[in-house]
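Visitor: What follows is a structure written as C-alpha cells; I'll ask about it next.
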Amino acid sequence: MFEFKPAEAKGPVRVLKGGLLIDGNGGKPVKDPVILLEGRRIKQVGVKGKVKIPAKAEVIDCGTATLMPGLMDVHLHTMMFNCLTFHNYRVAQWEITPELQQMYGLFHAQLCFDMGFTTLRDLGLNSGRGLLTAHLCAIRDSIEAGVIEGPRMLIGGFTTITGSHLDLIQPRAAQRYGFQTADGPWELRKLARTNLLAGCDIVKTCATGGGGTDKEEPDIRNMTQEEIDAIVDEAHAFHKTAAVHCFTPNGQRMALAAGADTIEHMVFHDDETIDMIAEAGTWMTPTLLHRTDHAIGTRKDQGTSQFVLNKMKALQPYCFETFQKMHKAGVNIALGTDMGFDPEMGTNAREMEIYVTLGMTPMEAIMSATKNAARAIKLDKQLGTVEAGKLADIIAVKGDPLKNIRVFQDKKNIQLVMKEGRIYADRRPGHDKNVVSVTPRDWKKIDYL
C-alpha cells in the first residue's frame, strides 16, 4: 500500500528519566530507565549510565515514577451526552445544539487525555441533527493542527440499516434528520462513502441488537451478510478499517466472514465461534466498564428507562463470562470502554481493573491499552511501545501498576502526559500543568428543563 511520508524535522533533543520502565512489550520492567528523545520521536532507550546524554539536552526527571507508553481507548463516544456534563441525556439530545455538543466532545476527549490516554478511537454517533461525523472529524483535525490540545483521535462513521441498534439510540418516534441509515448493499455503500467523504477513519456498522436502547433485543439481526460484506469492502477499498458491533456468535461469524478489522463488545459466545475468532486473529474490544453496576447506576440517574436498565443488568454476567473464555482461548483483546452516556469520561483506566479481576495479569491489561491497542487500530509501527523510532507518546505514573493496577485511576498519579515529545500534563512535584484545569463535577451540568 502506498504511504506518503512527509519530511520530518528532527527537533530538540531531550532526556526522560524515571524509576521504572514498562515498555509495552510484556517483558520484565527496567529499573532506572533513560529515554533519549529527538523532536517527536524516541531516539534511544536504555538505562542510567549506559545512555550518553548530550551536553545541551533538556533533562525531564520523573524521579521514581514508572515510565510507559501512552494509553489508548479504542472504543468510546466522546460526543454523546456523558453523565458528568449533562444532567439528563434525553433532554440534552433535543435541546443542545450540535455546535455545543461538539465542544463537549472535545472536552470529554481532553478529560481522557489528562488521565494518560493519548489515543482515542471514537466510533461515532447519531443524533437528532444527523450523524455529526464531520463535527467529530473537525475535533480530530483541530487537535492535529495544533489549534487546541487533545489526544490523537481516530473517528468512526455510523453506517447501519434502518431500525438497527445504532439507529435506535434515538427514540423510535424521533424524526430522522438527513442521510443517517441505509438499506441494501449499494445504498449502504453510499452511506459509507458519505462518511468517508466527511473524513472518517473507520466505518462503524452493526450486525446485531445491543444493550443500551429501548424495545430491542440483543439477538436481533441488524444486517444481512451481503450488506455487511459491502460495508467492509467499501472501507477497505478506501484504505480504511471497519468495526462491527456484535452481541451474538451469529453476528461475530458475519463480521469474520466479511473481513472486519475489529469486533466490538464481548457479550454472548459459543466455543466454536471463539475458536474461529482466535484463529482469525481478529481484534475484539470488551467494553466491560459500560456493563458495571456503577455504569447502570449512572444511567438510572440520567433517566434511562427501566427496560434498558433491566436489560443491561441481565447482560452483565454473560459479558464477564465471555471475556474470561475469550481471554483463555487467546483471542486478541484491545481495551475499549464504550464510554458515551456512561460511565464518566476520564475514568477509562477502570476497564483495566476489570480485566485483572476477571483473570488477566496486570501486564496483559496494560498491553491491552498499549501495544495491543495499537495493533488493533493498525498504528503499531508508530505507537504502543517505548522503542527507538516510535512517536514519543509516554506517560509517567506514580507507583507500580504491575503491583496495583488502580494507580491509573487517580489523576495525581498520572504525573506526566507526553504526546509526540510534547508535555501536555505535568504533575510532578513542583509542577502544576493540566490539560483540563477544572476538577470533575466542578463545572455546571447542562439541564434546560
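The chains in the C-alpha cells are called A, B, ... from first to last as shown; in each chain the residues are counted from 1, and the ligands are counted from 1 in the order shown.
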So which residues touch stretch 328-336 of chain A within 6 Å, counting only C-alpha atoms, skipping near sequence neighbours fewer than 5 positions away, as a PyMOL selection string?
Guide: chain A and resi 73-75+278+283-285+287+368-369+372-373
Visitor: Can you list, as a ChimeraX atom specification, every protein, DNA or RNA residue that comes within 12 Å of A:Asp271 when you count only C-alpha atoms, leaving out same-chain residues fewer than 2 positions away?
Guide: /A:249,268-269,273-278,321-322,324-326,328-329,331
Visitor: So that I have them on file, write out the residues from the current selection with all heavy atoms, as a compact mmCIF listing (two decimals), in the first residue's frame.
Guide:
# COMPACT_ATOMS: atom_id res chain seq x y z
N PRO A 249 -22.86 -14.85 18.72
CA PRO A 249 -21.97 -15.63 17.86
C PRO A 249 -22.33 -15.51 16.38
O PRO A 249 -21.42 -15.47 15.53
CB PRO A 249 -22.17 -17.07 18.37
CG PRO A 249 -22.53 -16.90 19.80
CD PRO A 249 -23.40 -15.67 19.84
N PHE A 268 -22.37 -12.35 24.18
CA PHE A 268 -22.67 -13.78 24.11
C PHE A 268 -21.58 -14.51 23.33
O PHE A 268 -20.83 -13.89 22.57
CB PHE A 268 -24.03 -14.00 23.45
CG PHE A 268 -25.17 -13.37 24.21
CD1 PHE A 268 -25.89 -12.33 23.66
CD2 PHE A 268 -25.50 -13.80 25.49
CE1 PHE A 268 -26.93 -11.73 24.35
CE2 PHE A 268 -26.54 -13.21 26.20
CZ PHE A 268 -27.26 -12.17 25.63
N HIS A 269 -21.53 -15.83 23.51
CA HIS A 269 -20.48 -16.59 22.85
C HIS A 269 -20.89 -18.04 22.68
O HIS A 269 -21.82 -18.52 23.34
CB HIS A 269 -19.19 -16.55 23.67
CG HIS A 269 -19.29 -17.35 24.94
ND1 HIS A 269 -19.79 -16.82 26.12
CD2 HIS A 269 -18.98 -18.65 25.23
CE1 HIS A 269 -19.78 -17.73 27.07
NE2 HIS A 269 -19.29 -18.86 26.56
N THR A 273 -17.28 -20.48 17.86
CA THR A 273 -17.05 -19.14 17.32
C THR A 273 -15.84 -18.49 17.97
O THR A 273 -15.07 -17.79 17.31
CB THR A 273 -18.30 -18.26 17.50
OG1 THR A 273 -19.44 -18.93 16.94
CG2 THR A 273 -18.13 -16.93 16.79
N ILE A 274 -15.66 -18.70 19.26
CA ILE A 274 -14.46 -18.19 19.93
C ILE A 274 -13.21 -18.74 19.26
O ILE A 274 -12.26 -18.00 18.99
CB ILE A 274 -14.47 -18.55 21.43
CG1 ILE A 274 -15.52 -17.72 22.18
CG2 ILE A 274 -13.08 -18.32 22.05
CD1 ILE A 274 -15.63 -18.07 23.65
N ASP A 275 -13.20 -20.03 18.96
CA ASP A 275 -12.05 -20.63 18.28
C ASP A 275 -11.83 -20.00 16.91
O ASP A 275 -10.68 -19.78 16.49
CB ASP A 275 -12.24 -22.14 18.15
CG ASP A 275 -12.13 -22.88 19.48
OD1 ASP A 275 -11.58 -22.29 20.44
OD2 ASP A 275 -12.61 -24.02 19.56
N MET A 276 -12.92 -19.69 16.21
CA MET A 276 -12.81 -19.06 14.89
C MET A 276 -12.20 -17.67 15.00
O MET A 276 -11.35 -17.29 14.19
CB MET A 276 -14.20 -18.97 14.25
CG MET A 276 -14.78 -20.31 13.83
SD MET A 276 -16.51 -20.16 13.26
CE MET A 276 -16.29 -19.14 11.80
N ILE A 277 -12.62 -16.92 16.02
CA ILE A 277 -12.09 -15.56 16.21
C ILE A 277 -10.61 -15.62 16.56
O ILE A 277 -9.80 -14.86 16.02
CB ILE A 277 -12.88 -14.83 17.31
CG1 ILE A 277 -14.34 -14.62 16.89
CG2 ILE A 277 -12.23 -13.47 17.62
CD1 ILE A 277 -15.25 -14.14 18.01
N ALA A 278 -10.26 -16.55 17.45
CA ALA A 278 -8.85 -16.69 17.85
C ALA A 278 -7.99 -17.08 16.66
O ALA A 278 -6.89 -16.54 16.46
CB ALA A 278 -8.74 -17.71 18.97
N GLU A 321 -18.37 -13.58 31.62
CA GLU A 321 -18.03 -14.96 31.29
C GLU A 321 -17.40 -15.04 29.90
O GLU A 321 -16.41 -15.77 29.69
CB GLU A 321 -19.27 -15.85 31.34
CG GLU A 321 -18.98 -17.30 31.01
CD GLU A 321 -20.24 -18.14 30.87
OE1 GLU A 321 -21.36 -17.58 30.89
OE2 GLU A 321 -20.10 -19.37 30.72
N THR A 322 -17.95 -14.29 28.94
CA THR A 322 -17.42 -14.29 27.59
C THR A 322 -15.99 -13.77 27.57
O THR A 322 -15.11 -14.33 26.89
CB THR A 322 -18.31 -13.46 26.65
OG1 THR A 322 -19.60 -14.07 26.59
CG2 THR A 322 -17.72 -13.38 25.25
N GLN A 324 -13.78 -13.93 29.98
CA GLN A 324 -12.90 -14.94 30.56
C GLN A 324 -12.61 -16.07 29.57
O GLN A 324 -11.47 -16.53 29.44
CB GLN A 324 -13.51 -15.49 31.84
CG GLN A 324 -13.52 -14.48 32.98
CD GLN A 324 -14.21 -14.99 34.22
OE1 GLN A 324 -15.33 -15.51 34.15
NE2 GLN A 324 -13.55 -14.86 35.36
N LYS A 325 -13.63 -16.50 28.85
CA LYS A 325 -13.43 -17.60 27.90
C LYS A 325 -12.60 -17.14 26.71
O LYS A 325 -11.75 -17.88 26.21
CB LYS A 325 -14.79 -18.14 27.45
CG LYS A 325 -15.50 -18.95 28.51
CD LYS A 325 -16.60 -19.81 27.94
CE LYS A 325 -17.14 -20.78 28.97
NZ LYS A 325 -18.15 -21.71 28.40
N MET A 326 -12.84 -15.93 26.23
CA MET A 326 -12.07 -15.43 25.08
C MET A 326 -10.62 -15.19 25.46
O MET A 326 -9.71 -15.49 24.68
CB MET A 326 -12.72 -14.16 24.54
CG MET A 326 -14.02 -14.41 23.81
SD MET A 326 -14.61 -12.97 22.89
CE MET A 326 -15.92 -13.71 21.92
N LYS A 328 -8.94 -16.79 27.79
CA LYS A 328 -8.33 -18.11 27.95
C LYS A 328 -8.03 -18.75 26.60
O LYS A 328 -7.03 -19.46 26.44
CB LYS A 328 -9.26 -19.01 28.77
CG LYS A 328 -8.65 -20.37 29.11
CD LYS A 328 -9.59 -21.18 30.00
CE LYS A 328 -8.97 -22.51 30.35
NZ LYS A 328 -9.87 -23.32 31.23
N ALA A 329 -8.89 -18.48 25.60
CA ALA A 329 -8.73 -19.07 24.27
C ALA A 329 -7.69 -18.35 23.42
O ALA A 329 -7.39 -18.79 22.31
CB ALA A 329 -10.06 -19.09 23.54
N VAL A 331 -7.90 -15.08 22.31
CA VAL A 331 -8.45 -14.05 21.42
C VAL A 331 -7.69 -12.75 21.62
O VAL A 331 -7.33 -12.39 22.75
CB VAL A 331 -9.96 -13.85 21.71
CG1 VAL A 331 -10.49 -12.61 20.99
CG2 VAL A 331 -10.75 -15.08 21.28
Visitor: Compare A:Lys445, A:Arg172, A:Arg221, A:Arg291 by their minimum atom-to-atom distance to A:Gly128, counting only C-alpha atoms, and give me the closest one.
Guide: A:Arg172
Visitor: Please identify all polymer residues within 7 Å of stretch 45-50 of chain A, counting only C-alpha atoms, omitting same-chain residues fewer than 2 positions from it, and present them as a PyMOL selection string.
Guide: chain A and resi 32-36+52+387-388
Visitor: Those residues you just picked out, can you put them in a file as a compact mmCIF listing (two decimals), in the first residue's frame with N, CA, C and O atoms?
Guide:
# COMPACT_ATOMS: atom_id res chain seq x y z
N ASP A 32 15.65 2.27 36.49
CA ASP A 32 16.44 3.46 36.16
C ASP A 32 16.52 3.70 34.65
O ASP A 32 17.61 3.83 34.07
N PRO A 33 15.37 3.78 33.97
CA PRO A 33 15.40 3.98 32.52
C PRO A 33 15.82 5.39 32.13
O PRO A 33 15.60 6.36 32.87
N VAL A 34 16.44 5.47 30.97
CA VAL A 34 16.80 6.75 30.36
C VAL A 34 16.33 6.68 28.91
O VAL A 34 16.72 5.78 28.17
N ILE A 35 15.48 7.64 28.53
CA ILE A 35 14.92 7.66 27.17
C ILE A 35 15.37 8.94 26.49
O ILE A 35 15.10 10.04 26.97
N LEU A 36 16.06 8.78 25.39
CA LEU A 36 16.55 9.93 24.62
C LEU A 36 15.53 10.25 23.54
O LEU A 36 15.14 9.38 22.75
N LYS A 52 24.40 7.88 26.62
CA LYS A 52 25.17 9.12 26.62
C LYS A 52 24.20 10.29 26.46
O LYS A 52 23.45 10.37 25.49
N GLU A 387 9.97 2.45 22.19
CA GLU A 387 11.07 1.90 21.41
C GLU A 387 11.63 2.96 20.48
O GLU A 387 10.91 3.87 20.05
N ALA A 388 12.89 2.83 20.15
CA ALA A 388 13.53 3.79 19.25
C ALA A 388 12.81 3.83 17.91
O ALA A 388 12.43 2.80 17.36
Visitor: List the neighbours of A:Arg140 out to 10 Å using only C-alpha atoms; skip same-chain residues closer than 3 positions along the sequence, and give me the result as a PyMOL selection string.
Guide: chain A and resi 106+109+120+122+134-137+143-145+148+150-155+199-200
Visitor: I need the residues from that last selection saved to file as a PDB file, in the first residue's frame (with C-alpha atoms), if you can.
Guide:
ATOM      1  CA  LEU A 106     -13.652  17.998  22.701  1.00  0.00           C
ATOM      2  CA  ALA A 109     -11.610  13.866  24.883  1.00  0.00           C
ATOM      3  CA  LEU A 120      -8.780   7.579  21.354  1.00  0.00           C
ATOM      4  CA  ASP A 122     -14.164   7.426  18.682  1.00  0.00           C
ATOM      5  CA  ALA A 134     -17.924  15.906  10.214  1.00  0.00           C
ATOM      6  CA  HIS A 135     -18.171  17.504  13.670  1.00  0.00           C
ATOM      7  CA  LEU A 136     -16.072  14.719  15.167  1.00  0.00           C
ATOM      8  CA  CYS A 137     -13.571  14.923  12.331  1.00  0.00           C
ATOM      9  CA  ILE A 143      -6.081  18.802  17.580  1.00  0.00           C
ATOM     10  CA  GLU A 144      -3.848  17.517  14.789  1.00  0.00           C
ATOM     11  CA  ALA A 145      -3.311  21.072  13.527  1.00  0.00           C
ATOM     12  CA  ILE A 148      -6.282  23.051  20.546  1.00  0.00           C
ATOM     13  CA  GLY A 150      -6.096  16.980  22.959  1.00  0.00           C
ATOM     14  CA  PRO A 151      -5.393  13.314  22.330  1.00  0.00           C
ATOM     15  CA  ARG A 152      -4.771  11.725  18.961  1.00  0.00           C
ATOM     16  CA  MET A 153      -8.194  10.745  17.625  1.00  0.00           C
ATOM     17  CA  LEU A 154      -9.475   8.282  15.054  1.00  0.00           C
ATOM     18  CA  ILE A 155     -13.087   8.859  14.022  1.00  0.00           C
ATOM     19  CA  GLY A 199     -13.309  12.409   6.775  1.00  0.00           C
ATOM     20  CA  CYS A 200     -13.862   9.375   8.994  1.00  0.00           C
TER      21      CYS A 200
END
